[in-house]
$ cat final_36.cif   # mmCIF, C-alpha atoms and all ligand atoms
data_input
loop_
_atom_site.label_atom_id
_atom_site.label_comp_id
_atom_site.auth_asym_id
_atom_site.auth_seq_id
_atom_site.Cartn_x
_atom_site.Cartn_y
_atom_site.Cartn_z
CA MET D 11 -62.38 3.33 8.06
CA THR D 12 -66.06 4.33 7.98
CA GLN D 13 -66.50 8.05 7.50
CA ASN D 14 -68.72 9.99 9.86
CA ASN D 15 -69.62 13.19 8.02
CA SER D 16 -70.20 15.37 11.05
CA ARG D 17 -67.41 14.68 13.58
CA PHE D 18 -65.85 18.10 12.88
CA THR D 19 -68.96 20.21 12.29
CA GLY D 20 -68.45 23.55 14.05
CA LYS D 21 -64.78 22.78 14.68
CA THR D 22 -61.73 24.60 13.32
CA ALA D 23 -58.43 22.86 12.59
CA LEU D 24 -54.97 24.21 11.80
CA ILE D 25 -52.90 21.93 9.55
CA THR D 26 -49.33 23.07 8.93
CA GLY D 27 -47.85 21.89 5.63
CA GLY D 28 -51.20 21.45 3.91
CA THR D 29 -50.11 21.99 0.31
CA SER D 30 -49.48 18.32 -0.43
CA GLY D 31 -49.21 14.81 0.96
CA MET D 32 -50.66 13.95 4.37
CA GLY D 33 -51.49 17.55 5.28
CA ALA D 34 -53.60 18.10 2.16
CA ALA D 35 -55.32 14.70 2.56
CA THR D 36 -56.15 15.45 6.19
CA ALA D 37 -57.52 18.87 5.22
CA ARG D 38 -59.78 17.14 2.67
CA ARG D 39 -60.91 14.65 5.27
CA LEU D 40 -61.72 17.18 8.02
CA ILE D 41 -63.60 19.43 5.58
CA ALA D 42 -65.58 16.42 4.31
CA GLU D 43 -66.48 15.73 7.95
CA GLY D 44 -67.84 19.24 8.42
CA GLY D 45 -64.79 21.11 9.73
CA GLN D 46 -63.23 24.46 8.94
CA VAL D 47 -59.54 24.15 8.09
CA ILE D 48 -56.53 26.45 7.86
CA ILE D 49 -53.62 25.09 5.82
CA THR D 50 -50.12 26.55 5.65
CA GLY D 51 -47.10 26.32 3.38
CA ARG D 52 -44.16 28.44 2.29
CA ASP D 53 -45.33 29.35 -1.19
CA LYS D 54 -48.42 31.30 -2.23
CA ALA D 55 -48.77 29.61 -5.65
CA ARG D 56 -48.57 26.14 -4.10
CA LEU D 57 -51.19 27.14 -1.55
CA ASP D 58 -53.53 28.38 -4.31
CA THR D 59 -53.14 25.10 -6.19
CA ALA D 60 -53.78 23.13 -2.99
CA VAL D 61 -56.97 25.07 -2.26
CA ALA D 62 -58.29 24.26 -5.74
CA GLU D 63 -57.41 20.57 -5.33
CA ILE D 64 -58.74 20.19 -1.80
CA THR D 65 -62.06 21.93 -2.46
CA GLY D 66 -62.49 20.53 -5.97
CA GLY D 67 -64.02 23.91 -6.86
CA THR D 68 -66.93 23.38 -4.45
CA ALA D 69 -68.09 26.76 -3.06
CA GLU D 70 -69.33 25.21 0.21
CA PHE D 71 -65.91 23.66 0.85
CA ALA D 72 -64.07 26.83 -0.24
CA ASP D 73 -65.87 28.77 2.53
CA ARG D 74 -64.40 26.36 5.07
CA LEU D 75 -60.78 26.41 3.87
CA LEU D 76 -58.27 29.20 4.47
CA ALA D 77 -54.71 29.04 3.12
CA VAL D 78 -52.06 31.10 4.90
CA ARG D 79 -48.43 31.49 3.79
CA ALA D 80 -46.34 30.72 6.87
CA ASP D 81 -42.89 29.16 7.17
CA ALA D 82 -42.94 26.85 10.21
CA ALA D 83 -39.28 27.68 10.84
CA ASP D 84 -40.04 31.41 11.16
CA LEU D 85 -41.47 32.56 14.50
CA THR D 86 -42.64 35.87 13.01
CA ASP D 87 -44.69 33.93 10.43
CA LEU D 88 -46.17 31.74 13.18
CA GLU D 89 -47.19 34.79 15.21
CA ALA D 90 -48.83 36.35 12.13
CA LEU D 91 -50.57 33.03 11.42
CA ALA D 92 -52.08 33.01 14.92
CA ASP D 93 -53.28 36.61 14.43
CA THR D 94 -54.94 35.68 11.12
CA ILE D 95 -56.71 32.69 12.66
CA ARG D 96 -57.86 34.83 15.61
CA GLU D 97 -59.34 37.44 13.27
CA ARG D 98 -61.04 34.97 10.92
CA PHE D 99 -62.19 32.15 13.23
CA GLY D 100 -61.56 33.35 16.80
CA ARG D 101 -60.46 29.92 18.00
CA LEU D 102 -59.03 26.49 17.18
CA ASP D 103 -60.22 23.03 18.20
CA VAL D 104 -57.55 20.93 16.48
CA VAL D 105 -53.89 21.45 15.59
CA PHE D 106 -52.16 19.00 13.23
CA ALA D 107 -48.47 19.98 13.40
CA ASN D 108 -47.54 18.23 10.19
CA ALA D 109 -45.04 20.43 8.30
CA GLY D 110 -41.71 18.70 8.01
CA VAL D 111 -38.70 18.15 5.80
CA GLY D 112 -37.09 14.81 4.99
CA ALA D 113 -33.35 14.85 4.42
CA PHE D 114 -31.06 11.84 4.72
CA ALA D 115 -27.26 11.48 4.77
CA PRO D 116 -24.58 9.60 6.73
CA ILE D 117 -23.54 11.45 9.88
CA GLY D 118 -20.14 12.33 8.39
CA GLU D 119 -21.81 14.33 5.61
CA VAL D 120 -24.24 16.34 7.74
CA THR D 121 -23.25 20.01 7.87
CA ALA D 122 -24.19 22.29 10.75
CA ALA D 123 -26.39 24.30 8.35
CA GLU D 124 -28.29 21.16 7.25
CA PHE D 125 -28.65 20.02 10.88
CA ASP D 126 -30.14 23.43 11.78
CA ARG D 127 -32.46 23.40 8.75
CA ILE D 128 -33.98 20.00 9.61
CA VAL D 129 -34.25 20.73 13.33
CA GLY D 130 -35.62 24.21 12.52
CA VAL D 131 -38.68 22.83 10.75
CA ASN D 132 -39.21 19.40 12.29
CA PHE D 133 -38.66 20.22 15.97
CA ARG D 134 -38.39 23.99 16.52
CA GLY D 135 -41.18 24.56 13.97
CA VAL D 136 -43.51 22.06 15.65
CA TYR D 137 -42.68 23.44 19.10
CA PHE D 138 -43.47 27.06 18.23
CA THR D 139 -46.49 26.16 16.07
CA ILE D 140 -48.01 24.60 19.18
CA GLN D 141 -46.88 27.45 21.46
CA GLN D 142 -48.46 30.07 19.19
CA SER D 143 -51.66 28.01 18.77
CA LEU D 144 -52.28 27.41 22.46
CA PRO D 145 -53.95 30.75 23.28
CA LEU D 146 -56.46 29.99 20.49
CA LEU D 147 -56.97 26.32 21.22
CA ALA D 148 -60.22 25.62 23.04
CA ASP D 149 -60.18 23.66 26.30
CA GLY D 150 -60.85 20.02 25.39
CA GLY D 151 -59.08 20.46 22.04
CA ALA D 152 -56.66 18.06 20.41
CA ILE D 153 -53.11 18.32 19.08
CA VAL D 154 -51.67 15.71 16.71
CA ILE D 155 -47.99 15.85 15.75
CA ASN D 156 -46.60 14.14 12.65
CA ALA D 157 -43.56 12.12 13.75
CA SER D 158 -42.23 9.03 11.90
CA TRP D 159 -41.65 5.28 12.22
CA THR D 160 -37.94 6.13 12.27
CA LEU D 161 -38.29 7.15 15.92
CA HIS D 162 -38.96 3.46 16.68
CA ARG D 163 -36.42 1.72 14.43
CA GLY D 164 -33.05 2.84 13.11
CA LEU D 165 -32.86 3.84 9.46
CA PRO D 166 -29.45 4.48 7.83
CA GLY D 167 -28.90 8.15 7.05
CA ALA D 168 -31.71 9.35 9.31
CA SER D 169 -29.63 10.53 12.29
CA VAL D 170 -30.98 14.09 12.34
CA TYR D 171 -34.44 13.42 10.89
CA ALA D 172 -35.24 10.53 13.26
CA ALA D 173 -33.99 12.47 16.29
CA THR D 174 -36.35 15.36 15.48
CA LYS D 175 -39.21 12.88 15.28
CA ALA D 176 -38.28 11.32 18.63
CA ALA D 177 -38.19 14.84 20.04
CA VAL D 178 -41.70 15.70 18.86
CA HIS D 179 -43.15 12.45 20.15
CA ASN D 180 -41.53 13.19 23.51
CA LEU D 181 -43.09 16.66 23.31
CA SER D 182 -46.54 15.08 23.01
CA ARG D 183 -46.01 13.26 26.33
CA THR D 184 -44.82 16.37 28.17
CA LEU D 185 -47.51 18.61 26.72
CA ALA D 186 -50.24 16.08 27.52
CA ALA D 187 -49.16 16.57 31.13
CA ASP D 188 -48.66 20.35 30.85
CA LEU D 189 -52.10 20.86 29.31
CA SER D 190 -54.08 18.41 31.42
CA ALA D 191 -55.83 21.20 33.34
CA ARG D 192 -57.28 22.37 30.01
CA ARG D 193 -58.16 18.79 28.92
CA ILE D 194 -56.15 19.29 25.74
CA ARG D 195 -54.98 15.93 24.40
CA VAL D 196 -51.61 15.69 22.66
CA ASN D 197 -50.61 12.67 20.58
CA SER D 198 -48.21 11.93 17.74
CA ILE D 199 -48.46 9.66 14.73
CA SER D 200 -45.62 7.66 13.22
CA PRO D 201 -46.28 7.08 9.53
CA GLY D 202 -44.30 4.42 7.69
CA TYR D 203 -43.50 4.73 3.97
CA ILE D 204 -46.34 6.89 2.62
CA THR D 205 -46.49 7.77 -1.09
CA THR D 206 -46.18 11.55 -0.99
CA PRO D 207 -43.86 14.00 -2.80
CA MET D 208 -41.43 13.68 0.14
CA PHE D 209 -41.32 9.89 -0.30
CA HIS D 210 -40.68 10.17 -4.05
CA GLU D 211 -37.95 12.80 -3.49
CA ASN D 212 -36.08 10.47 -1.14
CA VAL D 213 -36.76 6.95 -2.46
CA ALA D 214 -35.76 5.90 -5.98
CA PRO D 215 -38.39 3.86 -7.92
CA GLU D 216 -36.01 0.87 -8.12
CA ALA D 217 -36.00 0.67 -4.29
CA HIS D 218 -39.80 0.42 -3.98
CA SER D 219 -40.10 -3.35 -4.32
CA ASP D 220 -37.44 -4.03 -1.64
CA ILE D 221 -39.25 -1.66 0.74
CA ILE D 222 -42.62 -3.27 0.05
CA GLY D 223 -41.00 -6.65 0.74
CA ALA D 224 -40.09 -5.44 4.24
CA ILE D 225 -43.64 -4.28 5.06
CA ALA D 226 -45.89 -6.93 6.60
CA ALA D 227 -48.96 -5.26 5.04
CA GLY D 228 -47.38 -5.85 1.62
CA ARG D 229 -47.87 -2.32 0.30
CA LEU D 230 -46.79 1.28 0.69
CA GLY D 231 -49.07 3.54 2.74
CA THR D 232 -51.46 6.10 1.27
CA VAL D 233 -52.23 9.61 2.45
CA GLU D 234 -55.78 8.43 3.15
CA ASP D 235 -54.38 5.84 5.61
CA ILE D 236 -52.93 8.78 7.53
CA ALA D 237 -55.84 11.22 7.18
CA GLY D 238 -58.24 8.67 8.69
CA ALA D 239 -55.96 8.10 11.67
CA VAL D 240 -55.42 11.81 12.29
CA ALA D 241 -59.18 12.45 12.11
CA PHE D 242 -59.71 9.68 14.66
CA LEU D 243 -57.08 11.03 17.09
CA ALA D 244 -58.44 14.57 16.72
CA SER D 245 -62.05 13.44 17.32
CA GLU D 246 -64.04 12.72 20.47
CA GLU D 247 -63.73 8.99 19.68
CA ALA D 248 -60.12 9.26 20.92
CA SER D 249 -61.05 11.21 24.06
CA TYR D 250 -59.12 8.80 26.35
CA ILE D 251 -55.98 8.59 24.19
CA ASN D 252 -53.35 11.03 25.39
CA GLY D 253 -49.54 11.31 25.20
CA GLN D 254 -49.37 8.36 22.79
CA ASP D 255 -47.75 7.63 19.46
CA LEU D 256 -49.91 5.85 16.88
CA VAL D 257 -47.71 3.90 14.46
CA ILE D 258 -49.32 3.72 10.99
CA ASP D 259 -46.69 1.82 9.03
CA GLY D 260 -48.07 -1.50 7.81
CA GLY D 261 -45.80 -3.16 10.37
CA ILE D 262 -42.35 -2.06 9.19
CA ALA D 263 -41.16 -0.97 12.64
CA THR D 264 -42.26 -4.10 14.46
CA SER D 265 -42.93 -7.08 12.18
CA THR D 266 -40.85 -9.15 9.79
CA PRO D 267 -42.86 -10.39 6.78
CA ALA D 268 -42.89 -14.20 6.50
CA ALA D 269 -41.36 -13.95 3.00
CA MET D 270 -38.19 -12.38 4.51
CA LEU D 271 -37.46 -15.35 6.79
N1 LIG Y 1 -43.87 10.42 3.36
C1 LIG Y 1 -43.41 9.62 4.29
O1 LIG Y 1 -43.09 8.46 3.99
C2 LIG Y 1 -43.31 10.08 5.72
C3 LIG Y 1 -43.10 9.11 6.71
C4 LIG Y 1 -43.07 9.48 8.04
C5 LIG Y 1 -43.28 10.81 8.40
N2 LIG Y 1 -43.49 11.75 7.42
C6 LIG Y 1 -43.76 13.12 7.88
O2 LIG Y 1 -45.01 13.53 7.38
C7 LIG Y 1 -45.05 14.96 7.32
C8 LIG Y 1 -45.70 15.36 6.01
O3 LIG Y 1 -44.87 14.95 4.93
P1 LIG Y 1 -45.43 14.37 3.55
O4 LIG Y 1 -44.81 13.05 3.37
O5 LIG Y 1 -46.91 14.53 3.47
O6 LIG Y 1 -44.62 15.32 2.54
P2 LIG Y 1 -45.00 16.41 1.47
O7 LIG Y 1 -46.11 15.96 0.59
O8 LIG Y 1 -43.70 16.79 0.84
O9 LIG Y 1 -45.55 17.61 2.35
C9 LIG Y 1 -44.74 18.36 3.19
C10 LIG Y 1 -45.55 19.60 3.57
O10 LIG Y 1 -44.80 20.35 4.52
C11 LIG Y 1 -44.74 21.68 4.05
N3 LIG Y 1 -43.54 22.31 4.56
C12 LIG Y 1 -42.25 21.90 4.45
N4 LIG Y 1 -41.45 22.77 5.07
C13 LIG Y 1 -42.24 23.74 5.58
C14 LIG Y 1 -42.00 24.90 6.34
N5 LIG Y 1 -40.76 25.28 6.68
N6 LIG Y 1 -43.06 25.67 6.69
C15 LIG Y 1 -44.31 25.31 6.33
N7 LIG Y 1 -44.61 24.22 5.62
C16 LIG Y 1 -43.57 23.45 5.25
C17 LIG Y 1 -44.81 21.60 2.54
O11 LIG Y 1 -45.31 22.81 2.02
P3 LIG Y 1 -44.55 23.76 0.95
O12 LIG Y 1 -43.48 22.93 0.30
O13 LIG Y 1 -45.64 24.17 0.02
O14 LIG Y 1 -44.02 24.88 1.77
C18 LIG Y 1 -45.83 20.48 2.36
O15 LIG Y 1 -47.14 20.99 2.45
C19 LIG Y 1 -43.63 15.43 7.54
O16 LIG Y 1 -43.49 15.93 8.85
C20 LIG Y 1 -42.80 14.16 7.37
O17 LIG Y 1 -41.61 14.19 8.10
C21 LIG Y 1 -43.49 11.42 6.10
#
$ encode --input "final_36.cif" --output "structure tokens" --more "lines below"
Ligand SMILES: NC(=O)c1ccc[n+]([C@@H]2O[C@H](COP(=O)([O-])OP(=O)(O)OC[C@H]3O[C@@H](n4cnc5c(N)ncnc54)[C@H](OP(=O)(O)O)[C@@H]3O)[C@@H](O)[C@H]2O)c1
Amino acid sequence: MTQNNSRFTGKTALITGGTSGMGAATARRLIAEGGQVIITGRDKARLDTAVAEITGGTAEFADRLLAVRADAADLTDLEALADTIRERFGRLDVVFANAGVGAFAPIGEVTAAEFDRIVGVNFRGVYFTIQQSLPLLADGGAIVINASWTLHRGLPGASVYAATKAAVHNLSRTLAADLSARRIRVNSISPGYITTPMFHENVAPEAHSDIIGAIAAGRLGTVEDIAGAVAFLASEEASYINGQDLVIDGGIATSTPAAML
């Protein structure tokens, strides 16, 4: 995707879960396109490392990146996060509700505590991140929620995870309607297999070639594939796209590679 270096000049974006993977890549992308970005995560040391990696030590970029420790599952943290953004920037133009946990097990092995943990970050966390951001979000702003291809196609062991992702996509449709008077657009993305720490935690190296064989694009996705799509949905170029889910998965949810037939 061609990069326009000024689409986010003068704009401020909140990215939850910005210490690694898609969140960090999207932070890099929006800053490179002129934006100011707030990233969150649960651990101060990880946030410090992420700031150094995202800015590459560039003073100009460092001025436009703020890292805030905030657990998306903790409403008190989300309220404090909104206060910090209000004091430092006064407003938001973009929210990328990206923080999430991936955990996979057959339904018989899912405990109530594990169910609550996954729902607490992936659905409740997204819901209250958006609720707490709304007073700061400018009219005409954009919300992008990170869902997953698993909301479109069943994956063994994903009963809780996939349901949270279906829930947040559904939320984008309802909120697009709720927020229409303020012209705030709300969309979700459904990444496929993207090579991030979460992917490597959940997929053994020996399974990679079978997965690639099931992807029509013939490769795993990169964080840059996602960052470009999020930047597009958050930008004016997507001003007539609302309440949608953009599947960015190389075809795994919808297409069978010829080699598999
Ligand atoms: N990778 C894939 O193949 C894939 C596919 C479809 C969808 N997704 C979705 O993409 C999103 C990003 O995941 P990723 O693959 O980029 O994984 P990742 O590199 O592991 O990043 C996950 C991010 O979420 C943060 N996070 C986790 N729990 C949090 C919490 N309670 N509060 C605040 N931040 C929290 C982590 O920060 P700390 O650990 O520093 O707190 C980290 O920055 C997730 O919602 C995931 O479900 C991933």
$ residues_near_ligand --input "final_36.cif" --ligand "ligand LIG 1 (chain Y)" --cutoff "8 Å" --atoms "only C-alpha atoms and all ligand atoms" --output "JSON, numbers by chain"
{"D": [26, 27, 28, 29, 30, 31, 32, 33, 34, 50, 51, 52, 53, 54, 56, 57, 79, 80, 81, 82, 83, 84, 107, 108, 109, 110, 111, 112, 130, 131, 132, 135, 156, 157, 158, 159, 160, 171, 175, 200, 201, 202, 203, 204, 205, 206, 207, 208, 209, 231, 233]}
$ atom_distance --input "final_36.cif" --atom1 "CA of Glu211 in chain D" --atom2 "CA of Thr36 in chain D"
20.8 Å
$ closest_residue --input "final_36.cif" --among "D:Asp255, D:Gly228, D:His218, D:Gly150" --to "Val178 in chain D" --atoms "all atoms listed in the file"
D:Asp255
$ closest_residue --input "final_36.cif" --among "D:Val154, D:Val213, D:Leu144, D:Leu76" --to "Arg192 in chain D" --atoms "all atoms listed in the file"
D:Leu144
$ residues_around --input "final_36.cif" --residues "Ile64 in chain D" --least-positions-apart "2" --cutoff "10 Å" --atoms "all atoms listed in the file" --output "list in words"
Gly28, Thr29, Ser30, Ala34, Ala35, Thr36, Ala37, Arg38, Arg39, Ile41, Ala42, Thr59, Ala60, Val61, Ala62, Gly66, Gly67, Thr68, Phe71, Ala72 and Leu75 of chain D
$ write_last_selection --input "final_36.cif" --atoms "C-alpha atoms" --output "CSV table (one decimal), in the coordinates of the input"
chain,number,residue,atom,x,y,z
D,28,GLY,CA,-51.2,21.4,3.9
D,29,THR,CA,-50.1,22.0,0.3
D,30,SER,CA,-49.5,18.3,-0.4
D,34,ALA,CA,-53.6,18.1,2.2
D,35,ALA,CA,-55.3,14.7,2.6
D,36,THR,CA,-56.2,15.4,6.2
D,37,ALA,CA,-57.5,18.9,5.2
D,38,ARG,CA,-59.8,17.1,2.7
D,39,ARG,CA,-60.9,14.6,5.3
D,41,ILE,CA,-63.6,19.4,5.6
D,42,ALA,CA,-65.6,16.4,4.3
D,59,THR,CA,-53.1,25.1,-6.2
D,60,ALA,CA,-53.8,23.1,-3.0
D,61,VAL,CA,-57.0,25.1,-2.3
D,62,ALA,CA,-58.3,24.3,-5.7
D,66,GLY,CA,-62.5,20.5,-6.0
D,67,GLY,CA,-64.0,23.9,-6.9
D,68,THR,CA,-66.9,23.4,-4.4
D,71,PHE,CA,-65.9,23.7,0.8
D,72,ALA,CA,-64.1,26.8,-0.2
D,75,LEU,CA,-60.8,26.4,3.9
$ closest_atom_pairs --input "final_36.cif" --of "range 236-265 of chain D" --to "range 92-104 of chain D" --cutoff "10 Å" --atoms "only C-alpha atoms" --output "tab-separated table"
residue	atom	partner	partner_atom	distance
D:Ala241	CA	D:Val104	CA	9.7
D:Leu243	CA	D:Val104	CA	9.9
D:Ala244	CA	D:Val104	CA	6.4
D:Ser245	CA	D:Val104	CA	8.8
$ residues_around --input "final_36.cif" --residues "Gly260 in chain D" --least-positions-apart "6" --cutoff "6 Å" --atoms "all atoms listed in the file" --output "VMD selection string"
chain D and resid 225 to 227
$ atom_distance --input "final_36.cif" --atom1 "CA of Asp73 in chain D" --atom2 "CA of Arg17 in chain D"
18.0 Å
$ residues_around --input "final_36.cif" --residues "Phe106 in chain D" --least-positions-apart "6" --cutoff "6 Å" --atoms "only C-alpha atoms" --output "PyMOL selection string"
chain D and resi 25+153-155
$ closest_residue --input "final_36.cif" --among "D:Gly118, D:Gly151, D:Gly223, D:Gly253" --to "Thr22 in chain D" --atoms "only C-alpha atoms"
D:Gly151
$ axis_aligned_box --input "final_36.cif" --around "range 51-65 of chain D" --padding-each-side "3 Å" --output "lines of an AutoDock Vina configuration file"
center_x = -53.1
center_y = 25.7
center_z = -1.4
size_x = 23.9
size_y = 17.1
size_z = 15.6
$ atom_distance --input "final_36.cif" --atom1 "CA of Ala113 in chain D" --atom2 "CA of Pro215 in chain D"
17.3 Å
$ decode --input "final_36.cif" --residues "range 45-62 of chain D" --atoms "N, CA, C and O atoms" --output "tab-separated table (two decimals), in the first residue's frame"
chain	number	residue	atom	x	y	z
D	45	GLY	N	0.80	11.41	12.78
D	45	GLY	CA	-0.09	11.42	13.94
D	45	GLY	C	0.61	11.45	15.28
D	45	GLY	O	1.83	11.24	15.39
D	46	GLN	N	-0.19	11.75	16.31
D	46	GLN	CA	0.24	11.60	17.70
D	46	GLN	C	-0.45	10.34	18.21
D	46	GLN	O	-1.64	10.15	17.94
D	47	VAL	N	0.28	9.52	18.96
D	47	VAL	CA	-0.26	8.21	19.34
D	47	VAL	C	-0.06	7.95	20.83
D	47	VAL	O	0.99	8.26	21.39
D	48	ILE	N	-1.10	7.38	21.45
D	48	ILE	CA	-1.01	6.87	22.82
D	48	ILE	C	-1.08	5.36	22.72
D	48	ILE	O	-2.04	4.82	22.12
D	49	ILE	N	-0.08	4.66	23.28
D	49	ILE	CA	-0.15	3.20	23.34
D	49	ILE	C	-0.34	2.77	24.80
D	49	ILE	O	0.08	3.47	25.72
D	50	THR	N	-0.98	1.61	24.96
D	50	THR	CA	-1.15	1.07	26.32
D	50	THR	C	-0.64	-0.37	26.38
D	50	THR	O	-0.45	-1.03	25.36
D	51	GLY	N	-0.45	-0.82	27.62
D	51	GLY	CA	-0.08	-2.20	27.90
D	51	GLY	C	-0.12	-2.36	29.41
D	51	GLY	O	-0.35	-1.40	30.13
D	52	ARG	N	0.13	-3.59	29.87
D	52	ARG	CA	0.00	-3.84	31.32
D	52	ARG	C	1.29	-3.65	32.09
D	52	ARG	O	1.29	-3.66	33.30
D	53	ASP	N	2.42	-3.50	31.36
D	53	ASP	CA	3.70	-3.55	32.05
D	53	ASP	C	4.58	-2.36	31.64
D	53	ASP	O	4.82	-2.13	30.45
D	54	LYS	N	5.05	-1.63	32.64
D	54	LYS	CA	5.82	-0.40	32.39
D	54	LYS	C	7.10	-0.69	31.59
D	54	LYS	O	7.43	0.03	30.64
D	55	ALA	N	7.82	-1.76	31.95
D	55	ALA	CA	9.08	-2.06	31.26
D	55	ALA	C	8.83	-2.41	29.78
D	55	ALA	O	9.57	-1.97	28.89
D	56	ARG	N	7.76	-3.14	29.53
D	56	ARG	CA	7.43	-3.48	28.13
D	56	ARG	C	7.04	-2.22	27.35
D	56	ARG	O	7.36	-2.08	26.16
D	57	LEU	N	6.36	-1.31	28.01
D	57	LEU	CA	5.99	-0.06	27.36
D	57	LEU	C	7.23	0.76	27.02
D	57	LEU	O	7.34	1.31	25.91
D	58	ASP	N	8.20	0.82	27.96
D	58	ASP	CA	9.43	1.58	27.70
D	58	ASP	C	10.18	1.00	26.50
D	58	ASP	O	10.67	1.73	25.64
D	59	THR	N	10.25	-0.33	26.45
D	59	THR	CA	10.94	-0.98	25.33
D	59	THR	C	10.21	-0.67	24.01
D	59	THR	O	10.84	-0.38	22.99
D	60	ALA	N	8.88	-0.71	24.08
D	60	ALA	CA	8.09	-0.45	22.86
D	60	ALA	C	8.30	0.98	22.36
D	60	ALA	O	8.43	1.21	21.15
D	61	VAL	N	8.37	1.92	23.28
D	61	VAL	CA	8.58	3.32	22.87
D	61	VAL	C	9.90	3.44	22.13
D	61	VAL	O	9.99	4.06	21.06
D	62	ALA	N	10.95	2.81	22.70
D	62	ALA	CA	12.27	2.88	22.05
D	62	ALA	C	12.22	2.25	20.66
D	62	ALA	O	12.78	2.79	19.69
